[in-house]
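The structure appears below as structure tokens.
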Amino acid sequence: MSEFVERLKEYMEDAHMSGTDMAKTLGCSRVTVSNLLNGAHEPSTALLVKMAEYFNCSTDYLLGLTDYPESKSDGKTRHFSEQLRSCLKMSGKTEYRLQKDLSISRSLTYRWLSGKAIPTVDSLIALAKYFGCTVDYLLGREN
């Protein structure tokens with residue numbers, strides 16, 4: 001997550017934002033921003049998306065998964081459950097295979113596929129690597 005911390009600090013510095021400003025922008029506490037900047041916590045998926053939207057970059061760039069900040073967002077957002085189903089179909093993988101390969105419980109994949117839960121950032125990264133796609137794709141931010 002050190003790449004994430006560096007990139008977030010860079011964006012905040014370029015925007016002349018303090019931690020308090022960032023907290024207001026994200027709708028979270030100053031302590032949350034402080035913990036993110038110190039690397040004590042990873043962002044929630046919702047905060048990650050808010051940051052990417054605010055800074056007009058990809059979530060993959062913020063996370064250090066790519067060196068290209070450009071977002072390929074088409075302005076339309078699809079739900080994670082739709083994207084996960086699409087990845088399963090395109091890869092020819094079953095829910096069972098996904099669960100076994102990534103050590104994910106049946107109940108969690110059920111919650112993801114039914115739209116009742118969204119993965120943590122760590123899980124999103126693992127899923128993106130598994131399917132060979134971007135985190136932005138999984139989050140429905142790009143085609």
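The chains in the structure tokens are called A, B, ... from first to last as shown; in each chain the residues are counted from 1, and the ligands are counted from 1 in the order shown.
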> Just asking: which residues within range 9-112 of chain A are helix (DSSP H, G or I) according to DSSP, as a VMD selection string?
Replying inline: chain A and resid 9 to 14 19 to 26 30 to 37 45 to 55 59 to 62 80 to 91 95 to 102 106 to 112
> What lies within 12 Å of Cys28 in chain A using only C-alpha atoms, ignoring chain neighbours under 3 positions off, as a ChimeraX atom specification?
Replying inline: /A:19-25,31-36,43-44,46-47,50-51
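Checking A:Phe80, A:Tyr68, A:Trp112, A:Phe131 one by one against Gly92 in chain A, counting only C-alpha atoms, you find the shortest gap at A:Phe131.
From CA of Asp60 in chain A back to CA of Ser123 in chain A, the distance works out to 13.3 Å.
Each of A:Val5, A:Leu139, A:Gln83, A:Tyr110 was checked against Glu95 in chain A using only C-alpha atoms; the smallest atom-to-atom distance is that of A:Tyr110.
Closest approach to Lys72 in chain A among A:Val135, A:Leu127, A:Leu113, A:Leu8: A:Val135, based on only C-alpha atoms.
Nearest to Cys133 in chain A of all the residues A:Asn38, A:Gln99, A:Ser71, A:Ser91 is A:Ser91, based on only C-alpha atoms.
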Closest atom pairs, range 116-143 of chain A residues within 12 Å of range 84-87 of chain A, only C-alpha atoms, as a tab-separated table:
```
residue	atom	partner	partner_atom	distance
A:Ile118	CA	A:Leu84	CA	10.5
A:Pro119	CA	A:Leu84	CA	10.7
A:Leu124	CA	A:Leu84	CA	10.3
A:Leu127	CA	A:Leu84	CA	8.8
A:Ala128	CA	A:Cys87	CA	9.4
A:Lys129	CA	A:Cys87	CA	11.5
A:Tyr130	CA	A:Cys87	CA	9.7
A:Phe131	CA	A:Cys87	CA	6.5
A:Gly132	CA	A:Cys87	CA	9.2
A:Cys133	CA	A:Cys87	CA	8.5
A:Thr134	CA	A:Cys87	CA	11.0
A:Val135	CA	A:Leu84	CA	11.0
A:Asp136	CA	A:Leu84	CA	11.9
A:Tyr137	CA	A:Leu84	CA	9.3
A:Leu138	CA	A:Leu84	CA	6.5
A:Leu139	CA	A:Leu84	CA	9.0
A:Gly140	CA	A:Leu84	CA	9.4
A:Asn143	CA	A:Ser86	CA	10.9
```
>> as a ChimeraX atom specification, please: the residues near Tyr11 in chain A (cut-off 10 Å, only C-alpha atoms, same-chain neighbours under 4 positions excluded).
In response: /A:6-7,15-17,51,54-55,62
>> Would you compute the distance between CA of Glu142 in chain A and CA of Leu88 in chain A? Give it in Å to one decimal.
In response: 16.9 Å
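Straight-line separation from CA of Ala126 in chain A to CA of Leu26 in chain A: 24.9 Å.
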